[in-house]
Amino acid sequence: MSVDVIIVMGVSGSGKTTIAQKLADRLGWQFADADDFHPPENVEKMSAGMPLNDNDRAPWLQILRSQIDLWLDCDRPTVLACSALKSRYRCLLGSERSQVQLVYLKGEFTKILQRMQQRDNHFMKPEMLRSQFDALEEPEDAIAVDIGEDPDTIVDRICQSLS
């Protein structure tokens with residue numbers, strides 16, 4: 001069975017949206033950002049500098065799972081940018097299915113913190129990055145790419161791994 005949904009995952013500031021959008025463009029697939037599916041109360045909480053807990057994430061993950069199921073059922077190949085930090089979150093999203101491929105954007109704390117400090121108007125504050133790294137359970141079943149290279153090179157590496 002072929003891959004129909006690619007989840008580009010990693011901590012905030014790792015480049016998920018940029019890489020997922022470029023990958024979707026390269027493949028001619030639909031792009032979606034998991035941040036767009038957060039309930040307003042989650043966005044408010046993160047905007048106030050408070051990390052989400054598992055209870056906050058549960059309805060968001062259910063919405064994402066429903067979306068992934070819909071994309072698979074409707075044969076709509078999609079690249080989804082989603083933190084998916086914990087193994088159980090990835091399981092809830094259906095990462096064990098053969099049609100779903102994980103891509104893990106791996107980077108060092110200091111490099112990602114620098115990136116986050118340079119961006120404006122994002123609800124995820126740089127002060128919350130440590131909580132992301134604390135929650136991160138690195139996947140063993142993903143295409144792992146280092147974020148140290150430019151986005152086009154990263155997308156090239158992902159495409160090589162997919163083929």
# chains A, B, ... in the order shown; residues from 1 in each chain; ligands from 1
>>> residues_around(residues="Leu136 (chain A)", least_positions_apart="5", cutoff="9 Å", atoms="only C-alpha atoms", output="count of residues only")
7
>>> residues_around(residues="Ile112 (chain A)", least_positions_apart="5", cutoff="7 Å", atoms="only C-alpha atoms", output="ChimeraX atom specification")
/A:13-14,107
>>> write_last_selection(atoms="C-alpha atoms", output="compact mmCIF listing (two decimals), in the first residue's frame")
# COMPACT_ATOMS: atom_id res chain seq x y z
CA GLY A 13 10.24 26.06 15.74
CA SER A 14 11.72 23.02 13.99
CA GLY A 107 17.26 19.80 15.84
>>> select_by_dssp(residues="region 15-127 of chain A", states="strand (DSSP E or B)", output="JSON, numbers by chain")
{"A": [30, 31, 32, 33, 78, 79, 80, 81, 100, 101, 102, 103, 104, 105, 106]}
>>> closest_atom_pairs(of="region 79-108 of chain A", to="region 21-28 of chain A", cutoff="12 Å", atoms="only C-alpha atoms", output="CSV")
residue,atom,partner,partner_atom,distance
A:Val79,CA,A:Ala24,CA,5.6
A:Leu80,CA,A:Gln21,CA,8.5
A:Ala81,CA,A:Gln21,CA,8.1
A:Cys82,CA,A:Gln21,CA,11.9
A:Val103,CA,A:Leu23,CA,10.8
>>> atom_distance(atom1="CA of Ile19 (chain A)", atom2="CA of Arg65 (chain A)")
21.0 Å
>>> atom_distance(atom1="CA of Leu162 (chain A)", atom2="CA of Trp29 (chain A)")
14.1 Å
>>> closest_atom_pairs(of="region 4-100 of chain A", to="region 140-150 of chain A", cutoff="9 Å", atoms="only C-alpha atoms", output="JSON lines")
{"residue": "A:Ser14", "atom": "CA", "partner": "A:Ile147", "partner_atom": "CA", "distance": 6.8}
{"residue": "A:Gly15", "atom": "CA", "partner": "A:Ile147", "partner_atom": "CA", "distance": 7.5}
{"residue": "A:Ser95", "atom": "CA", "partner": "A:Asp141", "partner_atom": "CA", "distance": 9.0}
{"residue": "A:Glu96", "atom": "CA", "partner": "A:Asp141", "partner_atom": "CA", "distance": 8.9}
>>> select_by_dssp(residues="region 8-120 of chain A", states="alpha helix (DSSP H)", output="PyMOL selection string")
chain A and resi 16-27+40-47+54-73+87-93+109-118
>>> atom_distance(atom1="CA of Gln99 (chain A)", atom2="CA of Asp4 (chain A)")
5.2 Å
>>> closest_residue(among="A:Leu52, A:Leu129, A:Cys159, A:Leu92", to="Ile6 (chain A)", atoms="only C-alpha atoms")
A:Cys159
>>> residues_around(residues="Glu41 (chain A)", least_positions_apart="2", cutoff="12 Å", atoms="only C-alpha atoms", output="compact mmCIF listing (two decimals) with C-alpha atoms, in the first residue's frame")
# COMPACT_ATOMS: atom_id res chain seq x y z
CA PHE A 37 -7.36 22.63 14.15
CA HIS A 38 -6.68 23.73 17.76
CA PRO A 39 -9.77 24.75 19.69
CA VAL A 43 -4.66 28.87 21.37
CA GLU A 44 -5.55 31.20 24.24
CA LYS A 45 -3.67 29.04 26.72
CA MET A 46 -0.53 28.85 24.55
CA SER A 47 -0.76 32.59 23.76
CA ALA A 48 -0.67 33.19 27.51
CA MET A 50 1.06 28.10 29.24
CA PRO A 51 1.92 24.70 27.74
CA LEU A 52 -0.91 22.34 26.86
CA ASN A 55 -6.40 16.83 28.48
CA ASP A 56 -6.04 19.97 26.34
CA ARG A 57 -4.63 17.99 23.45
CA PRO A 59 -10.00 16.86 21.48
CA TRP A 60 -7.44 18.34 19.07
CA PHE A 123 1.07 31.81 19.66
